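*Asks:* Quick one, run.cif (mmCIF, C-alpha atoms and all ligand atoms):
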data_work
loop_
_atom_site.label_atom_id
_atom_site.label_comp_id
_atom_site.auth_asym_id
_atom_site.auth_seq_id
_atom_site.Cartn_x
_atom_site.Cartn_y
_atom_site.Cartn_z
CA MET Y 5 -6.34 -61.58 27.56
CA THR Y 6 -7.71 -64.43 25.49
CA GLY Y 7 -7.52 -65.24 21.81
CA GLN Y 8 -4.48 -66.09 19.76
CA VAL Y 9 -1.49 -64.18 18.47
CA LEU Y 10 0.24 -65.12 15.23
CA VAL Y 11 3.97 -64.48 15.70
CA LEU Y 12 6.05 -63.94 12.56
CA ASN Y 13 9.82 -63.83 12.30
CA SER Y 14 10.80 -62.98 8.73
CA GLY Y 15 14.42 -63.41 7.75
CA SER Y 16 16.11 -62.64 4.47
CA SER Y 17 15.12 -66.01 2.99
CA SER Y 18 12.75 -67.47 5.56
CA ILE Y 19 9.54 -66.94 7.48
CA LYS Y 20 9.17 -68.65 10.86
CA TYR Y 21 5.81 -68.55 12.55
CA ARG Y 22 3.96 -69.64 15.65
CA LEU Y 23 0.34 -69.45 16.64
CA ILE Y 24 0.17 -68.80 20.38
CA ASP Y 25 -2.88 -69.31 22.54
CA LEU Y 26 -2.84 -66.62 25.21
CA ALA Y 27 -5.03 -68.39 27.77
CA SER Y 28 -3.05 -71.65 27.85
CA ARG Y 29 0.27 -69.88 27.07
CA ARG Y 30 1.08 -72.61 24.55
CA TRP Y 31 1.60 -72.69 20.83
CA THR Y 32 -1.03 -74.46 18.79
CA ALA Y 33 0.82 -74.38 15.45
CA ARG Y 34 4.30 -73.66 14.27
CA GLY Y 35 6.28 -73.87 11.10
CA LEU Y 36 8.55 -72.17 8.65
CA VAL Y 37 9.22 -71.45 5.01
CA GLU Y 38 12.86 -71.76 4.01
CA ARG Y 39 14.95 -70.71 1.02
CA ILE Y 40 12.50 -68.10 -0.24
CA GLY Y 41 13.64 -66.85 -3.65
CA GLU Y 42 16.01 -69.80 -4.04
CA ASN Y 43 15.71 -73.30 -5.42
CA GLY Y 44 14.80 -76.10 -3.01
CA GLY Y 45 12.20 -74.09 -1.10
CA LEU Y 46 10.54 -75.87 1.82
CA LEU Y 47 7.42 -75.24 3.88
CA VAL Y 48 7.05 -77.11 7.14
CA HIS Y 49 3.69 -76.72 8.89
CA GLY Y 50 3.62 -79.08 11.86
CA ASP Y 51 3.98 -82.53 10.26
CA VAL Y 52 3.21 -81.26 6.76
CA ARG Y 53 6.11 -80.69 4.35
CA VAL Y 54 5.78 -78.94 1.00
CA GLU Y 55 8.82 -78.78 -1.27
CA ARG Y 56 8.64 -76.23 -4.05
CA ARG Y 57 9.95 -72.86 -5.09
CA PHE Y 58 8.68 -69.83 -3.16
CA PRO Y 59 9.63 -66.85 -5.33
CA SER Y 60 8.85 -64.19 -2.69
CA HIS Y 61 7.85 -63.65 0.94
CA GLU Y 62 4.36 -62.91 -0.39
CA GLU Y 63 4.16 -66.39 -1.94
CA GLY Y 64 5.69 -67.91 1.17
CA LEU Y 65 3.10 -66.39 3.49
CA ARG Y 66 0.32 -67.28 1.08
CA ALA Y 67 1.48 -70.92 1.24
CA VAL Y 68 1.48 -70.74 5.04
CA LEU Y 69 -2.11 -69.46 5.06
CA ALA Y 70 -3.08 -72.20 2.62
CA ALA Y 71 -1.50 -74.78 4.97
CA PHE Y 72 -3.52 -73.39 7.89
CA ALA Y 73 -6.71 -73.52 5.77
CA GLU Y 74 -6.08 -77.09 4.63
CA HIS Y 75 -4.57 -78.70 7.73
CA GLY Y 76 -5.70 -76.38 10.54
CA PRO Y 77 -5.77 -75.07 13.14
CA SER Y 78 -8.21 -72.30 12.29
CA LEU Y 79 -6.93 -68.75 12.29
CA ASP Y 80 -10.38 -67.38 13.20
CA GLY Y 81 -9.35 -66.74 16.80
CA VAL Y 82 -6.32 -64.63 15.89
CA THR Y 83 -6.64 -61.20 17.53
CA ALA Y 84 -3.24 -59.72 16.63
CA VAL Y 85 -0.04 -60.38 14.68
CA GLY Y 86 3.32 -59.92 16.44
CA HIS Y 87 6.42 -59.29 14.35
CA ARG Y 88 10.00 -59.72 15.41
CA VAL Y 89 12.09 -56.75 14.29
CA VAL Y 90 15.81 -56.84 14.96
CA HIS Y 91 16.78 -53.18 15.18
CA GLY Y 92 14.66 -50.44 16.71
CA GLY Y 93 17.51 -47.94 16.99
CA SER Y 94 17.01 -45.28 19.66
CA ARG Y 95 13.43 -44.64 18.59
CA PHE Y 96 11.61 -47.91 19.27
CA VAL Y 97 11.93 -48.83 22.92
CA GLU Y 98 8.53 -50.50 23.29
CA PRO Y 99 6.31 -52.86 21.33
CA THR Y 100 4.80 -50.62 18.65
CA LEU Y 101 1.56 -50.73 16.70
CA ILE Y 102 2.56 -50.75 13.03
CA ASP Y 103 1.29 -48.18 10.56
CA GLU Y 104 2.84 -46.76 7.39
CA GLU Y 105 4.92 -44.30 9.36
CA VAL Y 106 6.36 -47.07 11.56
CA GLU Y 107 7.12 -49.12 8.44
CA ARG Y 108 9.06 -46.18 7.02
CA ALA Y 109 10.98 -45.75 10.27
CA ILE Y 110 11.94 -49.44 10.30
CA GLU Y 111 13.16 -48.98 6.74
CA GLU Y 112 15.21 -45.95 7.75
CA LEU Y 113 16.92 -48.05 10.43
CA ALA Y 114 18.15 -50.52 7.78
CA PRO Y 115 21.75 -49.19 7.78
CA LEU Y 116 22.01 -50.39 11.39
CA ALA Y 117 20.85 -53.92 10.48
CA PRO Y 118 21.22 -54.31 6.71
CA LEU Y 119 20.57 -58.06 6.69
CA HIS Y 120 17.67 -58.10 9.13
CA ASN Y 121 15.49 -54.99 9.08
CA PRO Y 122 14.62 -55.09 5.34
CA ALA Y 123 13.65 -58.76 5.69
CA ASN Y 124 11.59 -58.06 8.81
CA LEU Y 125 9.85 -55.23 6.98
CA GLU Y 126 9.09 -57.38 3.96
CA GLY Y 127 7.32 -59.84 6.28
CA ILE Y 128 5.38 -57.00 7.92
CA ARG Y 129 4.16 -55.60 4.60
CA VAL Y 130 3.08 -58.99 3.32
CA ALA Y 131 1.31 -59.85 6.57
CA ARG Y 132 -0.48 -56.51 6.78
CA ARG Y 133 -1.89 -57.15 3.31
CA ALA Y 134 -2.91 -60.66 4.31
CA PHE Y 135 -4.52 -59.57 7.61
CA PRO Y 136 -5.67 -56.00 6.99
CA GLY Y 137 -8.26 -56.06 9.78
CA LEU Y 138 -5.88 -57.09 12.60
CA PRO Y 139 -3.51 -54.99 14.70
CA HIS Y 140 0.14 -55.70 13.83
CA VAL Y 141 2.72 -55.04 16.53
CA ALA Y 142 6.51 -54.81 16.10
CA VAL Y 143 8.61 -56.22 18.95
CA PHE Y 144 12.23 -55.10 18.74
CA ASP Y 145 15.30 -57.17 19.76
CA THR Y 146 16.97 -53.97 20.90
CA ALA Y 147 14.09 -52.59 22.99
CA PHE Y 148 14.84 -54.33 26.30
CA HIS Y 149 18.24 -52.63 26.29
CA ALA Y 150 16.80 -49.11 26.07
CA THR Y 151 17.29 -48.82 29.85
CA ILE Y 152 21.09 -49.16 29.61
CA PRO Y 153 22.45 -45.93 31.16
CA PRO Y 154 24.43 -43.51 28.95
CA TYR Y 155 27.73 -44.32 30.64
CA ALA Y 156 27.33 -47.93 29.53
CA HIS Y 157 25.94 -47.35 26.03
CA THR Y 158 28.14 -44.46 24.93
CA TYR Y 159 31.29 -45.22 22.96
CA ALA Y 160 34.29 -42.97 23.61
CA VAL Y 161 34.32 -41.62 20.05
CA PRO Y 162 33.86 -38.15 18.51
CA ARG Y 163 30.57 -36.72 19.71
CA GLU Y 164 29.29 -36.09 16.18
CA TRP Y 165 29.28 -39.84 15.52
CA THR Y 166 27.11 -40.35 18.58
CA ASP Y 167 24.83 -37.37 17.95
CA GLU Y 168 24.45 -37.53 14.19
CA LEU Y 169 25.22 -41.09 13.08
CA GLY Y 170 23.52 -43.12 15.82
CA VAL Y 171 26.80 -44.61 17.03
CA ARG Y 172 26.27 -46.27 20.45
CA ARG Y 173 25.70 -49.65 22.05
CA TYR Y 174 22.21 -50.97 21.27
CA GLY Y 175 22.41 -54.66 22.11
CA PHE Y 176 20.36 -57.60 20.80
CA HIS Y 177 18.68 -60.78 22.15
CA GLY Y 178 16.58 -58.39 24.24
CA THR Y 179 13.33 -60.33 23.83
CA SER Y 180 15.06 -63.47 25.07
CA ALA Y 181 16.77 -61.66 27.97
CA ALA Y 182 13.43 -60.12 29.03
CA TYR Y 183 11.72 -63.51 28.99
CA VAL Y 184 14.37 -65.54 30.80
CA SER Y 185 15.18 -62.91 33.42
CA ARG Y 186 11.48 -62.72 34.36
CA ARG Y 187 11.22 -66.52 34.46
CA ALA Y 188 14.34 -66.58 36.65
CA ALA Y 189 12.68 -64.28 39.21
CA GLU Y 190 9.59 -66.55 39.17
CA LEU Y 191 11.81 -69.58 39.72
CA LEU Y 192 13.44 -67.87 42.70
CA GLY Y 193 9.99 -66.88 43.99
CA ARG Y 194 10.96 -63.20 44.16
CA PRO Y 195 9.51 -60.01 42.64
CA TYR Y 196 11.06 -59.29 39.23
CA ASP Y 197 11.97 -55.74 40.16
CA GLU Y 198 14.11 -56.93 43.07
CA VAL Y 199 16.20 -59.52 41.26
CA ASN Y 200 19.61 -58.82 39.71
CA SER Y 201 20.69 -61.32 37.10
CA ILE Y 202 23.26 -61.99 34.42
CA VAL Y 203 21.70 -63.60 31.34
CA LEU Y 204 24.03 -65.74 29.23
CA HIS Y 205 22.30 -66.29 25.89
CA LEU Y 206 24.57 -68.88 24.27
CA GLY Y 207 23.33 -70.00 20.87
CA ASN Y 208 24.86 -69.56 17.43
CA GLY Y 209 24.87 -65.90 18.33
CA ALA Y 210 25.83 -65.30 21.95
CA SER Y 211 25.54 -62.42 24.38
CA ALA Y 212 25.69 -61.55 28.05
CA THR Y 213 23.26 -59.08 29.62
CA ALA Y 214 23.28 -57.52 33.09
CA VAL Y 215 19.72 -57.06 34.42
CA ARG Y 216 19.06 -54.96 37.53
CA GLY Y 217 15.54 -55.26 38.91
CA GLY Y 218 14.05 -56.26 35.55
CA ARG Y 219 15.89 -53.60 33.54
CA SER Y 220 18.86 -54.18 31.26
CA VAL Y 221 21.87 -52.14 32.43
CA ASP Y 222 24.55 -53.51 30.12
CA THR Y 223 24.94 -56.03 27.33
CA SER Y 224 27.86 -57.41 25.38
CA MET Y 225 26.65 -56.73 21.81
CA GLY Y 226 26.89 -53.22 20.42
CA ILE Y 227 25.79 -51.19 17.43
CA THR Y 228 25.96 -54.53 15.60
CA PRO Y 229 25.68 -58.13 16.90
CA LEU Y 230 29.44 -58.70 16.40
CA PRO Y 231 31.10 -57.77 19.71
CA GLY Y 232 31.20 -59.55 23.05
CA LEU Y 233 31.29 -63.30 23.52
CA VAL Y 234 32.82 -65.83 21.14
CA MET Y 235 30.05 -67.13 18.84
CA GLY Y 236 29.59 -69.88 16.27
CA THR Y 237 31.03 -67.86 13.38
CA ARG Y 238 31.42 -64.35 14.90
CA SER Y 239 34.60 -63.22 16.63
CA GLY Y 240 33.07 -61.27 19.47
CA ASP Y 241 35.51 -58.73 20.94
CA VAL Y 242 38.63 -57.93 18.92
CA ASP Y 243 40.85 -54.86 18.79
CA PRO Y 244 38.83 -52.23 16.86
CA ALA Y 245 42.02 -51.42 14.92
CA LEU Y 246 42.02 -54.93 13.42
CA PRO Y 247 40.46 -53.91 10.06
CA ALA Y 248 43.08 -51.16 9.65
CA TYR Y 249 45.89 -53.57 10.57
CA LEU Y 250 44.74 -56.24 8.12
CA ASN Y 251 44.33 -53.60 5.45
CA ARG Y 252 47.94 -52.53 6.01
CA VAL Y 253 49.59 -55.92 6.14
CA ALA Y 254 47.32 -57.98 3.85
CA GLY Y 255 45.52 -55.41 1.70
CA MET Y 256 42.13 -56.62 2.92
CA SER Y 257 39.20 -54.22 2.51
CA VAL Y 258 36.97 -53.18 5.41
CA GLN Y 259 34.16 -55.20 3.80
CA ASP Y 260 36.32 -58.33 3.58
CA VAL Y 261 37.37 -58.07 7.22
CA ASP Y 262 33.80 -57.37 8.33
CA ALA Y 263 32.52 -60.40 6.44
CA ALA Y 264 35.29 -62.61 7.86
CA LEU Y 265 34.67 -61.44 11.43
CA ASN Y 266 30.98 -62.24 11.04
CA ARG Y 267 31.08 -65.46 9.04
CA ASP Y 268 34.51 -67.12 9.26
CA SER Y 269 35.51 -66.37 12.84
CA GLY Y 270 34.38 -67.49 16.29
CA LEU Y 271 34.51 -71.24 16.95
CA LEU Y 272 34.45 -71.94 13.20
CA GLY Y 273 37.48 -69.75 12.60
CA MET Y 274 39.47 -71.19 15.47
CA CYS Y 275 38.79 -74.89 14.98
CA GLY Y 276 36.75 -75.46 11.82
CA ALA Y 277 33.41 -76.26 13.48
CA ASN Y 278 30.66 -73.98 14.74
CA ASP Y 279 28.18 -76.54 16.04
CA MET Y 280 29.07 -76.89 19.71
CA ARG Y 281 28.48 -80.66 19.67
CA GLU Y 282 31.03 -81.03 16.88
CA VAL Y 283 33.51 -78.77 18.70
CA TRP Y 284 33.32 -80.99 21.81
CA ARG Y 285 33.72 -84.10 19.62
CA LEU Y 286 36.95 -82.60 18.28
CA VAL Y 287 38.11 -81.76 21.81
CA ASP Y 288 37.51 -85.35 22.87
CA ALA Y 289 39.44 -86.59 19.84
CA GLY Y 290 42.43 -84.57 21.08
CA ASP Y 291 42.24 -81.67 18.60
CA PRO Y 292 44.38 -78.88 20.11
CA HIS Y 293 42.64 -76.12 18.10
CA ALA Y 294 39.24 -77.16 19.41
CA ARG Y 295 40.59 -77.30 22.97
CA LEU Y 296 41.99 -73.79 22.65
CA ALA Y 297 38.75 -72.58 21.05
CA MET Y 298 36.76 -73.80 24.06
CA ASP Y 299 39.25 -72.26 26.47
CA VAL Y 300 38.85 -68.91 24.69
CA TYR Y 301 35.06 -69.34 24.71
CA GLY Y 302 34.91 -70.15 28.42
CA TYR Y 303 37.38 -67.44 29.42
CA ARG Y 304 35.42 -64.78 27.53
CA VAL Y 305 32.16 -65.73 29.27
CA ARG Y 306 33.88 -65.64 32.69
CA ALA Y 307 35.40 -62.24 31.95
CA TYR Y 308 31.95 -60.82 31.13
CA VAL Y 309 30.42 -62.41 34.22
CA GLY Y 310 33.15 -60.74 36.31
CA ALA Y 311 32.51 -57.38 34.65
CA TYR Y 312 28.76 -57.63 35.21
CA VAL Y 313 29.19 -58.66 38.85
CA ALA Y 314 31.06 -55.36 39.18
CA ALA Y 315 28.35 -53.50 37.22
CA LEU Y 316 25.50 -54.94 39.31
CA GLY Y 317 27.15 -55.00 42.73
CA ARG Y 318 24.87 -57.81 43.89
CA VAL Y 319 23.95 -60.75 41.69
CA ASP Y 320 21.08 -63.10 42.56
CA ALA Y 321 21.12 -65.32 39.48
CA ILE Y 322 23.17 -66.33 36.49
CA VAL Y 323 20.81 -67.56 33.79
CA PHE Y 324 21.88 -69.82 30.92
CA THR Y 325 19.69 -69.95 27.84
CA ALA Y 326 19.58 -70.73 24.05
CA GLY Y 327 20.88 -73.82 22.24
CA VAL Y 328 24.22 -74.13 24.03
CA GLY Y 329 23.17 -72.58 27.35
CA GLU Y 330 20.11 -74.85 27.66
CA ASN Y 331 21.67 -78.12 26.51
CA ASP Y 332 25.39 -78.13 27.08
CA SER Y 333 26.34 -78.86 30.69
CA ARG Y 334 30.03 -79.00 29.84
CA THR Y 335 30.08 -75.47 28.44
CA ARG Y 336 28.05 -74.20 31.40
CA SER Y 337 30.52 -75.64 33.85
CA LEU Y 338 33.54 -74.41 31.84
CA ALA Y 339 32.06 -70.92 31.63
CA LEU Y 340 31.73 -70.56 35.41
CA THR Y 341 34.95 -72.32 36.47
CA GLY Y 342 36.94 -70.57 39.19
CA LEU Y 343 34.25 -68.11 40.22
CA SER Y 344 33.51 -69.56 43.68
CA ARG Y 345 35.08 -66.51 45.34
CA LEU Y 346 32.21 -64.55 43.75
CA GLY Y 347 29.67 -66.98 45.21
CA ILE Y 348 29.15 -68.59 41.80
CA GLU Y 349 29.20 -72.37 41.71
CA VAL Y 350 27.68 -75.17 39.66
CA ASP Y 351 26.52 -78.43 41.25
CA ALA Y 352 27.99 -81.16 39.04
CA GLY Y 353 25.05 -83.58 39.43
CA ARG Y 354 22.32 -80.99 38.89
CA ASN Y 355 24.16 -79.45 35.97
CA ALA Y 356 24.60 -82.80 34.20
CA ALA Y 357 20.98 -83.96 34.68
CA PRO Y 358 19.23 -83.57 31.31
CA SER Y 359 15.96 -81.62 31.41
CA ARG Y 360 13.87 -79.33 29.23
CA GLU Y 361 12.47 -77.43 32.22
CA ALA Y 362 13.64 -74.22 33.86
CA ARG Y 363 15.81 -75.34 36.76
CA VAL Y 364 18.47 -74.54 39.36
CA VAL Y 365 21.93 -76.06 38.77
CA SER Y 366 23.81 -74.45 41.67
CA PRO Y 367 24.16 -76.14 45.07
CA ASP Y 368 21.58 -75.48 47.81
CA GLY Y 369 22.40 -72.35 49.77
CA ALA Y 370 24.69 -70.90 47.08
CA GLU Y 371 25.01 -67.14 47.23
CA VAL Y 372 24.23 -66.82 43.50
CA ALA Y 373 21.64 -69.14 41.95
CA VAL Y 374 22.79 -70.61 38.64
CA LEU Y 375 19.75 -71.34 36.48
CA VAL Y 376 18.97 -72.91 33.14
CA VAL Y 377 15.88 -71.33 31.57
CA PRO Y 378 14.75 -72.38 28.07
CA THR Y 379 14.07 -69.19 26.16
CA ASP Y 380 10.78 -68.60 24.34
CA GLU Y 381 11.06 -65.49 22.23
CA GLU Y 382 7.79 -66.22 20.41
CA LEU Y 383 5.81 -66.42 23.66
CA GLU Y 384 7.41 -63.17 24.80
CA ILE Y 385 6.52 -61.51 21.46
CA ALA Y 386 2.94 -62.80 21.80
CA ASP Y 387 2.70 -61.44 25.37
CA GLN Y 388 4.12 -58.06 24.44
CA THR Y 389 1.86 -57.88 21.37
CA ALA Y 390 -1.22 -58.72 23.44
CA ALA Y 391 -0.26 -56.21 26.14
CA ARG Y 392 0.21 -53.47 23.52
CA VAL Y 393 -3.16 -54.20 21.91
CA ALA Y 394 -4.88 -54.32 25.32
CA ALA Y 395 -3.34 -50.97 26.29
CA LEU Y 396 -4.63 -49.41 23.06
CA ALA Y 397 -8.14 -50.67 23.76
CA ARG Y 398 -8.23 -49.01 27.19
P1 LIG Y 401 20.44 -69.52 17.10
O1 LIG Y 401 21.34 -68.43 17.62
O2 LIG Y 401 20.69 -69.89 15.67
O3 LIG Y 401 18.98 -69.35 17.47
P2 LIG Y 401 20.40 -71.77 18.96
O4 LIG Y 401 19.99 -71.03 20.17
O5 LIG Y 401 19.44 -72.70 18.33
O6 LIG Y 401 20.98 -70.79 17.86
O7 LIG Y 401 21.75 -72.55 19.29
C1 LIG Y 401 22.45 -73.28 18.33
C2 LIG Y 401 23.66 -73.90 19.00
O8 LIG Y 401 23.21 -74.75 20.06
C3 LIG Y 401 24.53 -74.76 18.09
O9 LIG Y 401 25.89 -74.40 18.26
C4 LIG Y 401 24.33 -76.16 18.62
O10 LIG Y 401 25.51 -76.88 18.55
C5 LIG Y 401 24.04 -75.92 20.08
N1 LIG Y 401 23.36 -77.07 20.66
C6 LIG Y 401 22.11 -77.50 20.43
N2 LIG Y 401 21.87 -78.63 21.13
C7 LIG Y 401 23.01 -78.90 21.83
C8 LIG Y 401 23.41 -79.93 22.73
N3 LIG Y 401 22.59 -80.92 23.07
N4 LIG Y 401 24.67 -79.89 23.21
C9 LIG Y 401 25.52 -78.90 22.87
N5 LIG Y 401 25.20 -77.91 22.03
C10 LIG Y 401 23.96 -77.90 21.51
#
Produce structure tokens that represent the structure in this file.
Ligand code: ADP
*Replies:*
Amino acid sequence: MTGQVLVLNSGSSSIKYRLIDLASRRWTARGLVERIGENGGLLVHGDVRVERRFPSHEEGLRAVLAAFAEHGPSLDGVTAVGHRVVHGGSRFVEPTLIDEEVERAIEELAPLAPLHNPANLEGIRVARRAFPGLPHVAVFDTAFHATIPPYAHTYAVPREWTDELGVRRYGFHGTSAAYVSRRAAELLGRPYDEVNSIVLHLGNGASATAVRGGRSVDTSMGITPLPGLVMGTRSGDVDPALPAYLNRVAGMSVQDVDAALNRDSGLLGMCGANDMREVWRLVDAGDPHARLAMDVYGYRVRAYVGAYVAALGRVDAIVFTAGVGENDSRTRSLALTGLSRLGIEVDAGRNAAPSREARVVSPDGAEVAVLVVPTDEELEIADQTAARVAALAR
């Protein structure tokens, strides 16, 4: 397919966008509007910066369109708009052409993602008004995980919660996992549906996903993006009785504990820093809390890798991606320490060599290839959007 897809990722106070050219598979423009509805608003469109207040997403998007009109590139070649939507619940398991009914359904899913879905929807509504003649497609973060079998997505809780309240594992980072696991198969020169991989998406948020033959079969996040690996400010796995315990001994409310587990925990909670570069600086300065925080971080990743080796039976590739996974050789090596009995090893020289390309960092002949693959969620959204539109035209 040719033409261009405008990819929009609307957050609660921001709009990020990319214009992607399908033929060259490259972006031709990118930018963002920050602090919508707050003071100190900022629009960045390529090299152009505009500082002013953007009272609403509507105004933000209007400013983006004005920036395109004034500074280019032209939007005349845009054939579709792709929207990132965080939570698709059990209903949305594929990229979906947006109409009023789909908008309503995304709204109804808001209890599952109260911070994200309403913001995503706001962006969709504004963009549909701005581009009424174009197809708009929603690409869901949860969709790639729709193939997780019931035994891996069902929580052992009263059946009414599962049946009536939507309680189950959904998982997130699916767009990223889909993209990097496919790129990993390409890098290995093997058909996607024959490759088993474990994707380690280590950014501010972090997750592990087990992929069997191109299909997600387990992932570390759940009904919310809180469980699993240690993250910048999120705890990952804790005892589910923790809120009740803290309520008993410290009088904390469920809301207080939830907020603290999401915002004041993880690396930040353990050592006071959530930027991985700062955490390593503290480790090197001899800070014992930072050292322990990294040991917890590394151990948690290893434990998930071990679990997913068991889930998959055979693993062809371990794939590191996102800010930490792509850039931080020290964390990569820490995360896979002591796994040589499982055929998992990192080559010190390859791992340390800086690069922005997808690459192998395991030794030649290793049983399991360890790969670093820069993620590109926008390109994946553009591809899925284009594929959806092409399928509709057939
Ligand atoms: P988000 O989940 O917000 O999309 P990113 O994928 O951008 O996050 O990852 C952000 C994290 O990546 C931060 O913790 C940052 O410290 C880390 N990071 C970025 N560059 C490096 C680097 N060169 N070395 C170590 N960590 C890095």
*Asks:* Just to confirm, what's the straight-line distance from atom CA of Val287 of chain Y to atom CA of Met235 of chain Y in Å (one decimal)?
*Replies:* 17.0 Å
*Asks:* Report as JSON lines: every residue of segment 215-247 of chain Y with an atom at most 6 Å from segment 151-162 of chain Y, its closest pair of atoms, and their distance in Å to one decimal, counting all atoms listed in the file, with rows sorted by chain and ascending residue number.
*Replies:*
{"residue": "Y:Ser220", "atom": "CA", "partner": "Y:Ile152", "partner_atom": "CA", "distance": 5.7}
{"residue": "Y:Val221", "atom": "CA", "partner": "Y:Ile152", "partner_atom": "CA", "distance": 4.2}
{"residue": "Y:Asp222", "atom": "CA", "partner": "Y:Ile152", "partner_atom": "CA", "distance": 5.6}
*Asks:* Measuring between all atoms listed in the file, which one of Y:Cys275, Y:Ala67, Y:Leu119, Y:Val305 shows the shortest distance to Arg53 of chain Y?
*Replies:*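 Of all the options, Y:Ala67 lies closest to Arg53 of chain Y.
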*Asks:* Residues up to 8 Å from ligand LIG 401 (chain Y), counting all atoms listed in the file: could you list those as a ChimeraX atom specification?
*Replies:* /Y:205-210,236,278-282,325-333,335
*Asks:* Return the single residue from Y:Val89, Y:Val48, Y:Val374, Y:Ile19 that is closest to Gly347 of chain Y, with distances computed using only C-alpha atoms.
*Replies:*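 Distance minimum relative to Gly347 of chain Y lands on Y:Val374.
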*Asks:* As a list in words, please: the residues near Met225 of chain Y (cut-off 10 Å, only C-alpha atoms, same-chain neighbours under 4 positions excluded).
*Replies:*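 Result of the neighbour search: Arg173, Tyr174, Gly175, Phe176, His177, Gly209, Ala210, Ser211, Ala212, Thr213, Pro229, Leu230, Pro231, Gly232, Leu233, Gly240 and Asp241 of chain Y.
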*Asks:* Ranking Y:Val171, Y:Leu396, Y:Ala362, Y:Ile227 by minimum distance to Ala189 of chain Y and counting only C-alpha atoms, which one comes first?
*Replies:*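 For Ala189 of chain Y, the nearest of the given residues is Y:Ala362.
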*Asks:* As an exercise, work out the distance from atom CA of Val364 of chain Y to atom CA of Val184 of chain Y in Å and give it to one decimal place.
*Replies:*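 Atom CA of Val364 of chain Y sits 13.1 Å away from atom CA of Val184 of chain Y.
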*Asks:* Measuring atom to atom with all atoms listed in the file, identify which of Y:Ala248, Y:Ala294, Y:Leu46, Y:Ala27 is nearest to Gly273 of chain Y.
*Replies:* Y:Ala294
*Asks:* With all atoms listed in the file as the basis for distance, which of Y:Gly127, Y:Leu47, Y:Glu381, Y:Asp351 is at the shortest distance from Asp368 of chain Y?
*Replies:*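 Between Y:Gly127, Y:Leu47, Y:Glu381, Y:Asp351, the residue approaching Asp368 of chain Y most closely is Y:Asp351.
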*Asks:* Counting only C-alpha atoms, figure out which residue out of Y:Glu111, Y:Glu382, Y:Glu105, Y:Glu168 gets nearest to Arg34 of chain Y.
*Replies:* Y:Glu382
*Asks:* List the spatial neighbours of Gly170 of chain Y as a VMD selection string - criterion: any atom at most 8 Å away, all atoms listed in the file, same-chain residues fewer than 4 positions off excluded.
*Replies:* chain Y and resid 93 to 94 165 to 166
*Asks:* Quick check, in Å to one decimal: how far apart do atom CA of Ala131 of chain Y and atom CA of Leu65 of chain Y lie?
*Replies:* 7.4 Å
*Asks:* Excluding same-chain residues fewer than 2 positions from Ser14 of chain Y, what lies within 9 Å of it counting all atoms listed in the file, as a list in words?
*Replies:*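 Surrounding residues, per the criterion: Leu12, Ser16, Ser17, Ser18, Ile19, Lys20, Tyr21, His61, His87, Arg88, Val89, His120, Ala123, Asn124, Leu125, Glu126, Gly127 and Ile128 of chain Y.
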